[in-house]
Every structure is written in structure tokens, then in C-alpha cells.
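Pasted below: my_file10.txt, compact mmCIF, C-alpha atoms.
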# COMPACT_ATOMS: atom_id res chain seq x y z
CA MET A 1 -3.83 -32.13 -104.90
CA ASP A 2 -1.66 -35.22 -105.34
CA ALA A 3 -0.30 -34.94 -101.77
CA ALA A 4 -3.82 -34.46 -100.35
CA ALA A 5 -5.14 -37.40 -102.42
CA ALA A 6 -2.45 -39.69 -101.00
CA GLN A 7 -3.70 -38.90 -97.45
CA PHE A 8 -7.42 -38.89 -98.34
CA ARG A 9 -9.66 -41.39 -96.54
CA SER A 10 -12.96 -39.52 -96.23
CA ALA A 11 -14.70 -36.16 -96.39
CA GLU A 12 -18.05 -34.80 -95.32
CA ALA A 13 -19.51 -31.37 -95.89
CA ASP A 14 -22.66 -29.29 -95.98
CA PHE A 15 -23.54 -28.09 -99.45
CA THR A 16 -25.71 -25.64 -101.32
CA TRP A 17 -26.45 -26.25 -104.99
CA ASP A 18 -27.84 -23.45 -107.12
CA GLN A 19 -29.17 -24.72 -110.46
CA TYR A 20 -29.75 -21.91 -112.96
CA GLN A 21 -32.10 -22.59 -115.90
CA LYS A 22 -31.61 -20.09 -118.69
CA VAL A 23 -34.85 -20.78 -120.57
CA VAL A 24 -37.00 -19.66 -117.59
CA ASN A 25 -34.32 -17.42 -116.00
CA GLU A 26 -34.77 -19.10 -112.60
CA THR A 27 -32.48 -20.57 -109.98
CA ASP A 28 -33.48 -23.57 -107.84
CA THR A 29 -31.54 -24.16 -104.63
CA GLN A 30 -30.91 -27.50 -102.92
CA LYS A 31 -29.20 -27.92 -99.55
CA GLY A 32 -27.90 -30.94 -97.74
CA LYS A 33 -24.94 -33.05 -96.68
CA ILE A 34 -22.43 -34.95 -98.81
CA TYR A 35 -20.02 -37.73 -97.86
CA PHE A 36 -17.04 -39.29 -99.63
CA ARG A 37 -14.84 -42.18 -98.56
CA ARG A 38 -12.18 -44.33 -100.09
CA SER A 39 -12.85 -48.06 -99.74
CA ASN A 40 -10.17 -50.66 -98.94
CA LYS A 41 -10.09 -51.40 -102.69
CA GLY A 42 -9.22 -47.78 -103.45
CA GLU A 43 -12.66 -46.92 -104.87
CA THR A 44 -14.12 -43.54 -103.90
CA GLN A 45 -17.73 -43.79 -102.76
CA MET A 46 -20.23 -40.95 -102.40
CA ALA A 47 -23.45 -40.49 -100.42
CA MET A 48 -25.67 -37.44 -100.36
CA GLU A 49 -28.68 -36.33 -98.37
CA ILE A 50 -30.60 -33.49 -100.00
CA GLN A 51 -32.59 -31.90 -97.17
CA SER A 52 -34.43 -29.11 -98.99
CA PRO A 53 -36.60 -28.34 -100.83
CA ASP A 54 -37.50 -32.08 -101.05
CA ARG A 55 -35.67 -34.91 -99.30
CA LYS A 56 -33.61 -37.15 -101.57
CA TYR A 57 -30.84 -39.64 -100.88
CA LEU A 58 -28.11 -40.65 -103.34
CA VAL A 59 -25.48 -43.34 -103.02
CA PHE A 60 -22.73 -44.01 -105.56
CA MET A 61 -20.61 -47.10 -105.00
CA ASN A 62 -19.44 -50.17 -106.92
CA GLY A 63 -20.26 -48.44 -110.20
CA LYS A 64 -23.93 -48.02 -109.29
CA MET A 65 -25.92 -44.85 -108.56
CA SER A 66 -29.07 -45.19 -106.43
CA ILE A 67 -31.44 -42.28 -105.83
CA TYR A 68 -34.23 -42.57 -103.23
CA GLN A 69 -37.11 -40.09 -103.25
CA PRO A 70 -39.21 -40.65 -100.09
CA LYS A 71 -41.96 -38.29 -101.26
CA ILE A 72 -42.89 -40.60 -104.14
CA GLU A 73 -41.52 -43.78 -102.47
CA GLN A 74 -39.25 -44.61 -105.39
CA VAL A 75 -35.64 -45.70 -105.88
CA ASN A 76 -33.99 -45.17 -109.26
CA GLU A 77 -30.93 -47.34 -109.89
CA TYR A 78 -28.36 -46.75 -112.62
CA ASP A 79 -25.48 -49.08 -113.47
CA THR A 80 -22.81 -46.74 -114.80
CA GLY A 81 -21.02 -49.59 -116.59
CA LYS A 82 -18.78 -48.31 -119.37
CA ASN A 83 -19.71 -44.69 -118.49
CA ARG A 84 -18.29 -45.03 -114.98
CA ALA A 85 -15.06 -43.07 -115.62
CA GLU A 86 -17.00 -40.16 -117.14
CA LEU A 87 -19.49 -40.06 -114.27
CA GLU A 88 -16.77 -40.26 -111.62
CA SER A 89 -14.78 -37.50 -113.36
CA PHE A 90 -17.30 -34.85 -112.29
CA LEU A 91 -19.25 -36.58 -109.50
CA LEU A 92 -16.16 -36.94 -107.30
CA LEU A 93 -14.55 -33.71 -108.49
CA GLY A 94 -12.30 -32.10 -105.92
CA PHE A 95 -12.67 -34.75 -103.18
CA GLY A 96 -9.90 -37.33 -103.03
CA GLY A 97 -8.83 -37.03 -106.66
CA ARG A 98 -5.24 -36.53 -107.76
CA GLY A 99 -4.21 -33.64 -109.96
CA HIS A 100 -2.76 -36.14 -112.44
CA ASP A 101 -6.15 -37.92 -112.67
CA LEU A 102 -7.79 -34.56 -113.35
CA GLN A 103 -5.44 -34.01 -116.28
CA GLN A 104 -6.40 -37.38 -117.78
CA GLN A 105 -10.09 -36.37 -117.92
CA PHE A 106 -9.81 -32.61 -118.53
CA GLU A 107 -7.76 -29.87 -120.14
CA VAL A 108 -6.77 -27.91 -117.01
CA ASP A 109 -6.02 -24.18 -116.93
CA PHE A 110 -4.98 -22.26 -113.82
CA ALA A 111 -7.18 -19.14 -113.64
CA GLY A 112 -5.45 -17.51 -110.67
CA SER A 113 -5.98 -17.35 -106.92
CA GLU A 114 -9.28 -16.31 -105.34
CA THR A 115 -10.59 -16.21 -101.80
CA VAL A 116 -13.65 -18.34 -101.02
CA ASP A 117 -15.10 -18.13 -97.49
CA GLY A 118 -11.89 -16.52 -96.26
CA VAL A 119 -9.73 -19.34 -97.68
CA LYS A 120 -7.16 -18.85 -100.43
CA THR A 121 -8.02 -21.11 -103.35
CA ALA A 122 -6.61 -21.99 -106.74
CA LYS A 123 -9.24 -21.52 -109.43
CA LEU A 124 -8.99 -24.19 -112.12
CA GLU A 125 -10.88 -24.11 -115.41
CA LEU A 126 -11.59 -27.60 -116.71
CA SER A 127 -12.59 -28.54 -120.26
CA PRO A 128 -13.73 -32.19 -120.56
CA LYS A 129 -11.76 -34.37 -122.96
CA SER A 130 -14.53 -36.97 -123.27
CA PRO A 131 -17.24 -36.06 -125.82
CA LYS A 132 -19.86 -37.68 -123.51
CA VAL A 133 -18.92 -35.40 -120.61
CA LYS A 134 -18.61 -32.41 -122.95
CA ASN A 135 -22.23 -33.00 -124.04
CA MET A 136 -23.27 -32.60 -120.38
CA PHE A 137 -20.81 -29.90 -119.26
CA ASP A 138 -18.73 -27.90 -121.71
CA LYS A 139 -16.74 -26.23 -118.92
CA ILE A 140 -16.26 -26.69 -115.18
CA ASP A 141 -14.61 -24.22 -112.81
CA ILE A 142 -13.42 -25.43 -109.42
CA TRP A 143 -11.95 -23.50 -106.51
CA VAL A 144 -9.51 -25.76 -104.64
CA ASP A 145 -8.39 -25.06 -101.06
CA ALA A 146 -4.64 -24.97 -101.63
CA GLY A 147 -3.87 -26.20 -98.09
CA ARG A 148 -6.25 -29.18 -97.98
CA GLY A 149 -6.56 -30.06 -101.67
CA VAL A 150 -10.39 -30.11 -101.63
CA SER A 151 -12.90 -28.16 -103.65
CA LEU A 152 -14.78 -25.39 -101.82
CA LYS A 153 -16.80 -24.33 -104.83
CA GLN A 154 -17.61 -25.64 -108.31
CA GLN A 155 -19.47 -24.21 -111.27
CA LEU A 156 -20.57 -26.61 -114.01
CA PHE A 157 -21.63 -25.00 -117.31
CA GLU A 158 -24.00 -26.87 -119.63
CA PRO A 159 -24.05 -26.31 -123.42
CA SER A 160 -27.66 -25.00 -123.08
CA GLY A 161 -26.49 -22.03 -120.98
CA ASP A 162 -27.76 -23.60 -117.76
CA TYR A 163 -25.26 -23.99 -114.93
CA ARG A 164 -24.93 -25.34 -111.40
CA ILE A 165 -22.92 -23.77 -108.60
CA ALA A 166 -21.97 -26.12 -105.76
CA HIS A 167 -20.69 -24.54 -102.56
CA TYR A 168 -19.20 -26.71 -99.78
CA ILE A 169 -18.80 -25.59 -96.14
CA ASN A 170 -18.00 -27.25 -92.81
CA ILE A 171 -15.70 -29.70 -94.59
CA ARG A 172 -14.34 -32.42 -92.32
CA LEU A 173 -11.53 -34.59 -93.67
CA ASN A 174 -10.51 -38.12 -92.69
CA SER A 175 -12.99 -38.60 -89.87
CA LYS A 176 -14.80 -41.92 -89.45
CA ILE A 177 -18.05 -42.02 -91.43
CA SER A 178 -20.58 -44.69 -90.47
CA ASP A 179 -21.29 -47.44 -93.04
CA ASP A 180 -24.94 -46.57 -92.42
CA VAL A 181 -24.52 -43.32 -94.38
CA PHE A 182 -23.84 -45.36 -97.54
CA LYS A 183 -27.11 -47.33 -97.31
CA LEU A 184 -30.53 -46.19 -98.47
CA HIS A 185 -33.09 -46.45 -95.67
CA THR A 186 -36.35 -46.92 -97.52
CA SER A 187 -39.90 -47.65 -96.41
CA GLY A 188 -41.36 -51.08 -97.18
CA LYS A 189 -43.53 -49.69 -100.00
CA VAL A 190 -40.77 -48.48 -102.29
CA LYS A 191 -40.89 -49.02 -106.04
CA THR A 192 -37.49 -49.62 -107.69
CA VAL A 193 -36.89 -48.41 -111.24
CA LYS A 194 -33.77 -49.55 -113.07
CA GLY A 195 -32.29 -47.16 -115.61
CA SER A 196 -29.32 -47.24 -117.95
Can the structure from this file be put into C-alpha cells for me?
Amino acid sequence: MDAAAAQFRSAEADFTWDQYQKVVNETDTQKGKIYFRRSNKGETQMAMEIQSPDRKYLVFMNGKMSIYQPKIEQVNEYDTGKNRAELESFLLLGFGGRGHDLQQQFEVDFAGSETVDGVKTAKLELSPKSPKVKNMFDKIDIWVDAGRGVSLKQQLFEPSGDYRIAHYINIRLNSKISDDVFKLHTSGKVKTVKGS
């Protein structure tokens, strides 16, 4: 991962997220595209377009998360402030991060090799060190493409018994991503709500 992180400039992929809710025993699925890039200052930025079931756009950069929901014409903005490191530790998981950085945020156990989409991966079991992250996710499993150092699959377990499985396909590394991708394109009638 360290060697891949040193070469990392950008990544884009198609994703499927399956969110399982234990209390109702249901799984909701979201699909879309996700983009990562490293800025000239060394900061990793993320943009996401959720295409189904409802369109949503997310941008994370400069310590701020913005979420645009066209259906209700609203943008929610969150300044991550002192929680930035915790948020980045799982938001940017497996895309551009170094193995050493992973070990600063998590207890890391190697759980063996598995094949995901025909690719040999290293399965890593992560236990968050930060109590704030542990309150959100008590365990995270990631399947890392050993050749490219990127995550093909992630499973995030919540203390409630709920979990999310993220599956990434069509991953393209180090191609030019337009600055436009990292901007929210809203209608003129949007309401902005600031959160903490």
C-alpha cells in the first residue's frame, strides 16, 4: 500500500453500496460513481455521484463535506474541524492511503488472501483506535488489490448490528479528473443547511 500511495494521484470507480439494517432486516442499495484525487498540497479529495435510487452528490475537500440532494433542492454542509482525521480515516479508506497511516488509525490484522472479481486481494480486518470512530464502526474489513494497492471491497460494521458493504469496480487510477467533478452543480433554488 505504501508503494501505491507514493504513486497515487487519482482514482475513479463505479460503486454499489448495500446498507443492511438489522432492526427491519432490510438491505438498501445505492449505486453511483466515486472519485478521489490528491491535491498539490497533498490533501486527498473525494467526490461522489449517487445515481440510484435517488440522485445525490457529495464533495469532501478542505475539511468540508457538502451533500446536495436535487430532489429536495437542499445542500447540507459540514465542517469536519477537529473530527477531520476520524472522518478521513474511513471516508478515504483504501484509496491513496499508506499502510503506515492505516496503522495509526486502526489495529490491523491480516485475515488471509481472497479473490474478489477475479483479483487476488489481501483481506484486512481493522479495529478503530479512536473512540469516536469506534462508536460509528466497531470493525471494518477491506479487501485490497495486492497489485494496485486499492480497495475493491469494504464492509463496515456498526455497533447496532447494521453494516454497509461497498463494492468498487471499473477502477481507473491516475487518470486526469476534471475539476468540475469536485463542484456541486445546484439549481438556483437550493436551500443550504449548515451542520456540525
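For the residues A:Thr16, A:Ser178, A:Gln105, A:Gln51, ranking by smallest atom-to-atom distance to A:Lys153 using all atoms listed in the file places A:Thr16 first.
Each of A:Ser66, A:Ser130, A:Ser113, A:Ser39 was checked against A:Phe8 using only C-alpha atoms; the smallest atom-to-atom distance is that of A:Ser39.
Of the listed residues (A:Arg9, A:Lys139, A:Lys123, A:Arg164), A:Arg9 comes nearest to A:Gly42; the distances count only C-alpha atoms.
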Measure the distance from atom CA of A:Leu93 to atom CA of A:Gln69 in Å and round it to one decimal.
24.0 Å
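Atom CA of A:Leu152 to atom CA of A:Ile169 spans 7.0 Å [interatomic distance, one decimal].
Our summary of the geometry notes that atom CA of A:Asn62 is positioned 15.4 Å from atom CA of A:Tyr35.
In terms of minimum interatomic distance to A:Phe106, A:Lys134 ranks closest within A:Lys56, A:Lys134, A:Lys120, A:Arg38, counting all atoms listed in the file.
Proximity of A:Arg148, A:Arg37, A:Arg55, A:Arg172 to A:Ser10, computed with all atoms listed in the file, is greatest for A:Arg37.
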Measuring between all atoms listed in the file, which one of A:Gln21, A:Gln45, A:Asn170, A:Thr121 shows the shortest distance to A:Gln154?
A:Thr121
Neighbour list for A:Ile72 as a list in words, cut-off 9 Å, only C-alpha atoms, skip fewer than 2 positions in-chain:
Tyr68, Gln69, Pro70, Gln74, Val190 and Lys191 of chain A
Which polymer residues have any atom within 8 Å of an atom of A:Asp18, counting only C-alpha atoms, with same-chain residues fewer than 5 positions away left out, as a PyMOL selection string?
chain A and resi 27-30+164-166
At a cut-off of 12 Å around the point (-18.1, -38.9, -98.5) (file coordinates), what residues fall inside when counting only C-alpha atoms? I'd like the answer as a PyMOL selection string.
chain A and resi 8-14+33-39+43-49+58-61+91-96+171-182
What's around A:Thr192 at 8 Å? Count only C-alpha atoms, leave out sequence neighbours fewer than 5 positions away in its own chain, and write the answer as a PyMOL selection string.
chain A and resi 74-77
